[in-house]
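The structure appears right after this line, and notes come after that.
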Amino acid sequence: MLRTALVCSLMASAPGLARAALSDAEMLEVLKTIDVRQRNSGDYKTLVYIEQKERDKSDLLYEAVVYRRDENDQLVILFTKPKAEAGKGYLRIDKSLFLYDPAVGKWERRTERERIGGTSSQRADFDESRLAEEYTPTYVGEEKLGVYTVHHLLLKMKEGADVAYPITHLWVDAATHNVLKRTEMALSGRLMRTVYYPQWNKVWSESKKDSVYYPKEIRVFDEVEKGNRTTVVLREIDLRSLDPNIFTKAWVESRSR
Amino acid sequence: MRGSMSLVLVRTALRNLVAHKAKTSIVGSIIFFGSFLVVFGTALLDSIDRGMSGSITESLAGHLQIYAKDARDKLQLFGGGFMGGDDFGAIRDFKPVREILEALPEVKAVVPLGLQMVTVMGGNEIDQTLEELRQAVKSGDDDKIHSLAVKLRAMADDLLPDLERRRHIARDKAEIENQLRDLARVRSDAFWAELAKDPERGLTFLEAHVAPLVLDGRFLYFRNVATDLTRFPRLFDRFELVDGQMVPPGEPGILLAKRTYETWVKNPVARDLDKIYQGLTTQNLSIATATELADAARRLPRQYRRISFQLAVEDARTVERELRRLLPESTGDLGALLQDFLRVDDDNAVGRYRFFYDVIAPRLPLYTVPVGSDVILRAVTKTGYFKAAKVKVWGTFRFKGLEDSDLAGASNLIDLLTFRELYGIMTDDKQRELQGIRDAVGVKDVAREDAEAALFGGDARPSSADATPGTLGAIDAVAEIAAAKAPAPAVTFTPEEVDNGLTISAAVILKDPSRLHQGLAAVQRAIDAANLNLQVVDWQTAAGIPGQLVTVMRLVLYLAIFIIFLVALVIINNAMLMAMVERIGEIGTMRAIGAQRSLVMWMFIVEILTLGAIAGTAGALAALAVVSWLGHVGIPAPNDQLQFLFSGPRLYPAAGLENLLLGCASVCLVSLGSTLYPARMATRVQPVVAMQAKE
């Protein structure tokens with residue numbers, strides 16, 4: 001209740017007006033809002049397009065179906081295109097990420113920082129948002145990002161959290177509380193990736209009885225290998241319940257067979 | 001008349017040489033040393049050159065290498081940045097290249113070579129056991145399931161003390177508590193009863209919660225050379241099959257280099273014990289003094305799980321029983337016994353080595369990918385996608401004489417079709433397919449520097465639009481995959497398929513290797529005439545750093561000889577000048593009684609040439625004797641690089657007539673050069689000056 005009130009008060013404040021720095025409670029509330037909006041109490045299935053551009057290399061293109069069950073932290077990414085990649089799949093079970101290659105019929109354990117399909121996108125880009133659970137926020141300031149007024153937050157990994165990057169900067173639209181920009185850093189402070197979320201969509205979820213927000217488009221820029229960039233487009237989304245067997249090795253193998 | 005004059009000159013020279021012993025011995029020593037160095041150095045380098053030529057041309061490179069003219073990097077078969085992924089371009093279609101070059105009278109054969117770095121997929125020991133368990137569950141093999149359950153519980157028991165210790169020192173105790181709970185679950189009967197009822201759930205739990213508790217499996221990098229596996233052994237004389245069999249014609253497969261097999265694929269415990277045993281028994285080293293052996297000995301006890309986690313239940317009991325018999329004072333479980341067993345020193349190492357191979361090794365999978373098994377290779381293709389291929393390990397091989405060389409033993413041989421699959425060339429069809437996918441989405445590219453303006457600028461879209469819910473019923477990954485799936489690669493192939501396709505380079509074997517430059521020119525003319533857009537290099541250039549090493553060594557030797565001869569030139573010149581001054585009276589007298597200037601000059605020249613001939617010949621003969629002796633006993637190669645240069649563990653040098661001639665000629669030349677000035681000075685001595693000096 002308190003959270004709803006806080007969110008309402010934050011959202012009610014019009015963009016462009018001078019705002020005070022967010023308190024710790026308010027920042028936490030913003031993070032929780034971001035997480036809760038994206039979370040579906042039921043399941044989640046989406047068709048994604050991933051394109052990676054690298055300097056001096058051919059473009060990498062994929063189409064994949066992502067299956068998510070946030071309740072159990074389960075995730076499957078199953079590639080459908082191009083032909084040569086069809087049937088490859090990632091399966092996340094708790095904190096383990098596995099990759100299946102139908103060409104050899106084998107599973108392989110991958111790390112949290114796995115570059116999905118060799119692109120700059122990572123498991124976390126497709127997974128449930130857990131910002132409030134994984135990070136402690138600090139308010140940096142109110143800034144302008146293009147035409148948007150944004151809250152700039154510095155997030156530091158909580159002890160024991162299983163995240164790809166320990167330090168993250170977040171630029172949150174002050175009006176809608178959608179994340180618009182995110183920079184991710186190594187523990188040394190070295191900038192690793194900059195991620196933009198230029199467009200958010202929401203769909204009604206019967207199971208949640210509320211809207212579920214999702215970024216329509218994600219633009220990832222590799223800050224280590226300058227010039228490398230990945231675009232992720234969530235083309236369609238379906239929130240109906242999924243078969244529990246989907247989140248098993250046997251199911252992924254059977255789809256690829 | 002001329003003959004008697006020559007005799008007089010020689011006798012005079014000999015008299016002078018004897019009369020001026022100090023000068024003769026100094027100049028003679030210099031000439032002796034110079035001659036020795038030239039003969040010995042060039043003979044040694046020629047022997048190394050011959051050895052290395054054999055190492056390179058008979059193992060991998062052939063006499064010439066051809067590769068793409070537009071390659072970004074220079075071809076380096078044995079060195080350079082190959083590990084880091086150099087780009088040597090590609091020969092898109094090998095068949096016409098082979099046909100054109102093999103038609104040349106100079107060329108014996110053209111063999112395709114595809115260089116490629118791959119990684120080997122493989123999990124840790126628990127992953128491997130779980131894989132076995134999955135197979136046993138699939139096939140309903142209850143005995144196997146029971147045996148593996150016992151093994152996995154033993155593994156959990158073994159991991160427990162480590163986790164308990166970590167709980168006391170870890171900052172994140174909650175994480176360790178969770179892991180301990182997971183282990184407790186695996187050690188309980190209830191878990192295995194549940195697994196029997198719902199195997200998928202139990203297996204998933206083990207894979208996600210228990211396997212990550214052990215460090216990741218060994219990550220192997222393989223350096224593969226793809227070739228025509230039928231023709232390669234026939235054309236490269238040093239090739240020798242060691243284990244297993246040749247890859248049958250028309251079948252995919254890999255032959256692992258024996259050196260790679262023993263160094264990287266072998267169980268690390270066995271490998272370290274091998275190293276210690278070899279060091280103690282053949283190299284007369286000791287663990288107490290040799291750092292390499294001491295490091296191996298220090299590593300061993302920590303690697304006990306490389307044994308305990310690999311043993312089947314029954315074998316583990318046998319090994320435990322035998323270890324208790326060997327180490328009666330040791331207590332504890334198998335893990336503790338193994339740790340005690342693996343604490344080796346100079347006194348017990350040989351015994352432990354023998355026990356390991358008698359009792360433990362026969363019960364272990366000694367190699368990660370043993371001969372006869374399938375190995376899964378992974379590579380990043382040229383199109384950027386990851387590609388994996390399963391291929392059978394048919395055997396191991398080595399290049400004769402280069403058994404212990406890491407440089408020669410670093411490359412495995414694989415069939416060309418598997419290589420091409422992992423290489424993943426971008427074809428027009430693939431390009432069209434990707435463009436089709438891109439067009440369907442219609443996404444615009446945004447550069448990093450313009451991103452914020454383009455994405456959040458003036459015409460930015462509202463950041464939360466409503467989407468139509470539930471439209472994804474149509475997404476059926478199964479149908480998508482079925483429709484998109486590429487046909488599986490063929491399991492066999494014809495010899496034509498080997499030739500019809502891509503390779504990175506090709507080795508050209510000449511009929512007459514001694515006519516290397518003529519062969520190179522002929523090949524270059526042929527590829528230019530056929531517009532093949534290729535370049536040809538000799539084996540020395542193609543080899544990379546090792547190939548250039550002899551050239552560098554030769555340059556260093558010639559520089560040293562040049563410096564020595566330069567010093568010799570100055571010293572001999574001074575010595576002869578002093579001799580001339582000492583003999584001014586004699587020269588004046590000779591001139592006074594009618595000796596021509598030329599006679600005086602010849603007197604000096606013959607003197608130094610006589611000394612050069614005597615000392616130079618002595619030096620050359622001494623060098624010949626040393627080279628012959630070394631040719632008999634051999635010069636040991638203390639490290640891998642030298643083994644490659646020496647073409648084996650020892651170099652047996654030999655001197656040829658050319659080395660002797662070069663030594664004599666250079667000595668004569670230097671001697672002559674250093675005498676010209678003093679001789680010329682002597683010719684200018686006037687008789688009257690000589691007479692005045694006498695007065």
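Labeling convention for the structure tokens: chains A, B, ... as they appear, residues from 1 per chain, ligands from 1 in order of appearance.
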Query raised in the report: Taking the backbone alone, and naming residues the way the document does, which bits of range 507-628 of chain B are helix (DSSP H, G or I) by DSSP, as a ChimeraX atom specification?
Result: /B:513-529,539-542,545-582,584-592,597-628
Keeping C-alpha atoms for every residue in the selection just given, could you write it to a file as an mmCIF file, in the first residue's frame?
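Output file selection23.cif follows:
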```cif
data_model
loop_
_atom_site.group_PDB
_atom_site.id
_atom_site.type_symbol
_atom_site.label_atom_id
_atom_site.label_comp_id
_atom_site.auth_asym_id
_atom_site.auth_seq_id
_atom_site.Cartn_x
_atom_site.Cartn_y
_atom_site.Cartn_z
ATOM 1 C CA PRO B 513 63.896 -30.269 -53.323
ATOM 2 C CA SER B 514 67.384 -29.017 -54.185
ATOM 3 C CA ARG B 515 65.805 -26.940 -57.003
ATOM 4 C CA LEU B 516 63.636 -24.998 -54.567
ATOM 5 C CA HIS B 517 63.964 -21.605 -56.237
ATOM 6 C CA GLN B 518 63.218 -22.960 -59.705
ATOM 7 C CA GLY B 519 60.202 -24.805 -58.285
ATOM 8 C CA LEU B 520 58.974 -21.650 -56.570
ATOM 9 C CA ALA B 521 59.295 -19.655 -59.772
ATOM 10 C CA ALA B 522 57.451 -22.307 -61.791
ATOM 11 C CA VAL B 523 54.584 -22.457 -59.289
ATOM 12 C CA GLN B 524 54.370 -18.655 -59.180
ATOM 13 C CA ARG B 525 54.211 -18.517 -62.987
ATOM 14 C CA ALA B 526 51.464 -21.147 -63.067
ATOM 15 C CA ILE B 527 49.255 -19.463 -60.473
ATOM 16 C CA ASP B 528 49.740 -16.092 -62.151
ATOM 17 C CA ALA B 529 48.918 -17.518 -65.554
ATOM 18 C CA TRP B 539 59.025 -23.485 -46.467
ATOM 19 C CA GLN B 540 61.323 -21.223 -44.489
ATOM 20 C CA THR B 541 59.028 -18.223 -44.911
ATOM 21 C CA ALA B 542 55.886 -20.284 -44.386
ATOM 22 C CA ILE B 545 59.408 -17.605 -36.542
ATOM 23 C CA PRO B 546 61.233 -20.999 -36.471
ATOM 24 C CA GLY B 547 61.937 -20.716 -40.180
ATOM 25 C CA GLN B 548 63.529 -17.320 -39.735
ATOM 26 C CA LEU B 549 65.605 -18.482 -36.796
ATOM 27 C CA VAL B 550 68.357 -20.081 -38.895
ATOM 28 C CA THR B 551 68.576 -16.962 -41.033
ATOM 29 C CA VAL B 552 68.973 -14.881 -37.884
ATOM 30 C CA MET B 553 71.557 -17.304 -36.492
ATOM 31 C CA ARG B 554 73.444 -17.204 -39.772
ATOM 32 C CA LEU B 555 73.432 -13.411 -39.727
ATOM 33 C CA VAL B 556 74.756 -13.427 -36.160
ATOM 34 C CA LEU B 557 77.506 -15.883 -37.108
ATOM 35 C CA TYR B 558 78.523 -13.862 -40.144
ATOM 36 C CA LEU B 559 78.546 -10.716 -38.070
ATOM 37 C CA ALA B 560 80.774 -12.417 -35.483
ATOM 38 C CA ILE B 561 83.104 -13.676 -38.231
ATOM 39 C CA PHE B 562 83.165 -10.237 -39.807
ATOM 40 C CA ILE B 563 84.107 -8.598 -36.501
ATOM 41 C CA ILE B 564 86.769 -11.224 -35.796
ATOM 42 C CA PHE B 565 88.259 -10.847 -39.258
ATOM 43 C CA LEU B 566 88.157 -7.080 -38.995
ATOM 44 C CA VAL B 567 90.155 -7.276 -35.775
ATOM 45 C CA ALA B 568 92.432 -9.845 -37.430
ATOM 46 C CA LEU B 569 92.910 -7.535 -40.366
ATOM 47 C CA VAL B 570 94.091 -4.726 -38.101
ATOM 48 C CA ILE B 571 96.356 -6.969 -36.018
ATOM 49 C CA ILE B 572 97.910 -8.731 -38.995
ATOM 50 C CA ASN B 573 98.343 -5.428 -40.774
ATOM 51 C CA ASN B 574 100.194 -3.977 -37.755
ATOM 52 C CA ALA B 575 102.309 -7.081 -37.310
ATOM 53 C CA MET B 576 103.336 -7.069 -40.967
ATOM 54 C CA LEU B 577 103.986 -3.341 -40.846
ATOM 55 C CA MET B 578 106.324 -3.856 -37.885
ATOM 56 C CA ALA B 579 107.994 -6.702 -39.730
ATOM 57 C CA MET B 580 108.476 -4.434 -42.695
ATOM 58 C CA VAL B 581 110.081 -1.704 -40.552
ATOM 59 C CA GLU B 582 112.374 -4.263 -38.966
ATOM 60 C CA ILE B 584 113.995 -2.007 -44.027
ATOM 61 C CA GLY B 585 117.754 -2.619 -44.243
ATOM 62 C CA GLU B 586 117.253 -6.024 -45.764
ATOM 63 C CA ILE B 587 114.726 -4.699 -48.246
ATOM 64 C CA GLY B 588 117.026 -1.747 -49.134
ATOM 65 C CA THR B 589 119.905 -4.112 -49.708
ATOM 66 C CA MET B 590 117.773 -6.341 -51.910
ATOM 67 C CA ARG B 591 116.642 -3.339 -53.850
ATOM 68 C CA ALA B 592 120.272 -2.133 -54.109
ATOM 69 C CA ARG B 597 109.567 -3.773 -56.332
ATOM 70 C CA SER B 598 107.291 -6.654 -57.326
ATOM 71 C CA LEU B 599 109.677 -9.130 -55.757
ATOM 72 C CA VAL B 600 109.539 -7.255 -52.486
ATOM 73 C CA MET B 601 105.774 -7.190 -52.622
ATOM 74 C CA TRP B 602 105.580 -10.907 -53.414
ATOM 75 C CA MET B 603 107.935 -11.629 -50.563
ATOM 76 C CA PHE B 604 105.390 -10.248 -48.088
ATOM 77 C CA ILE B 605 102.401 -11.750 -49.834
ATOM 78 C CA VAL B 606 103.905 -15.215 -49.986
ATOM 79 C CA GLU B 607 104.916 -14.961 -46.350
ATOM 80 C CA ILE B 608 101.396 -14.213 -45.158
ATOM 81 C CA LEU B 609 99.837 -16.692 -47.558
ATOM 82 C CA THR B 610 102.175 -19.382 -46.279
ATOM 83 C CA LEU B 611 101.215 -18.577 -42.721
ATOM 84 C CA GLY B 612 97.539 -18.414 -43.745
ATOM 85 C CA ALA B 613 97.752 -21.765 -45.458
ATOM 86 C CA ILE B 614 99.426 -23.433 -42.473
ATOM 87 C CA ALA B 615 97.349 -21.831 -39.676
ATOM 88 C CA GLY B 616 94.142 -21.763 -41.718
ATOM 89 C CA THR B 617 94.428 -25.412 -42.642
ATOM 90 C CA ALA B 618 95.191 -26.289 -39.036
ATOM 91 C CA GLY B 619 92.127 -24.318 -37.899
ATOM 92 C CA ALA B 620 89.918 -25.925 -40.532
ATOM 93 C CA LEU B 621 91.194 -29.391 -39.647
ATOM 94 C CA ALA B 622 90.635 -28.730 -35.947
ATOM 95 C CA ALA B 623 87.056 -27.594 -36.730
ATOM 96 C CA LEU B 624 86.595 -30.672 -38.893
ATOM 97 C CA ALA B 625 87.769 -32.875 -36.025
ATOM 98 C CA VAL B 626 85.409 -31.213 -33.533
ATOM 99 C CA VAL B 627 82.473 -31.399 -35.970
ATOM 100 C CA SER B 628 83.252 -35.070 -36.658
#
```
Requested in this report: Give me the residues within 6 Å of range 245-256 of chain B as a list in words, counting only C-alpha atoms and dropping any in the same chain fewer than 2 places off.
Outcome: Val391, Lys392, Val393, Trp394, Gly395, Thr396, Asn412, Leu413, Ile414, Asp415, Thr492, Phe493 and Thr494 of chain B
Report task. Any chance you could list, as number ranges by chain, the residues in range 101-213 of chain A that come up strand (DSSP E or B) when DSSP is run on the backbone? Result -> A: 101, 106-110, 115, 122, 135-145, 148-157, 167-173, 179-185, 191-205, 210-213
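With CA of His209 in chain B on one side and CA of Asn178 in chain B on the other, the separation reads 9.4 Å.
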Requested in this report: Residues of chain A no more than 6 Å from chain B, counting only C-alpha atoms: send them over as a count of residues only.
Outcome: 22
Requested in this report: Please provide the set of residues having any atom within 8 Å of range 183-191 of chain A, restricted to only C-alpha atoms, with same-chain residues fewer than 4 positions apart removed, written as number ranges by chain.
Outcome: A: 165-170, 195, 223-224
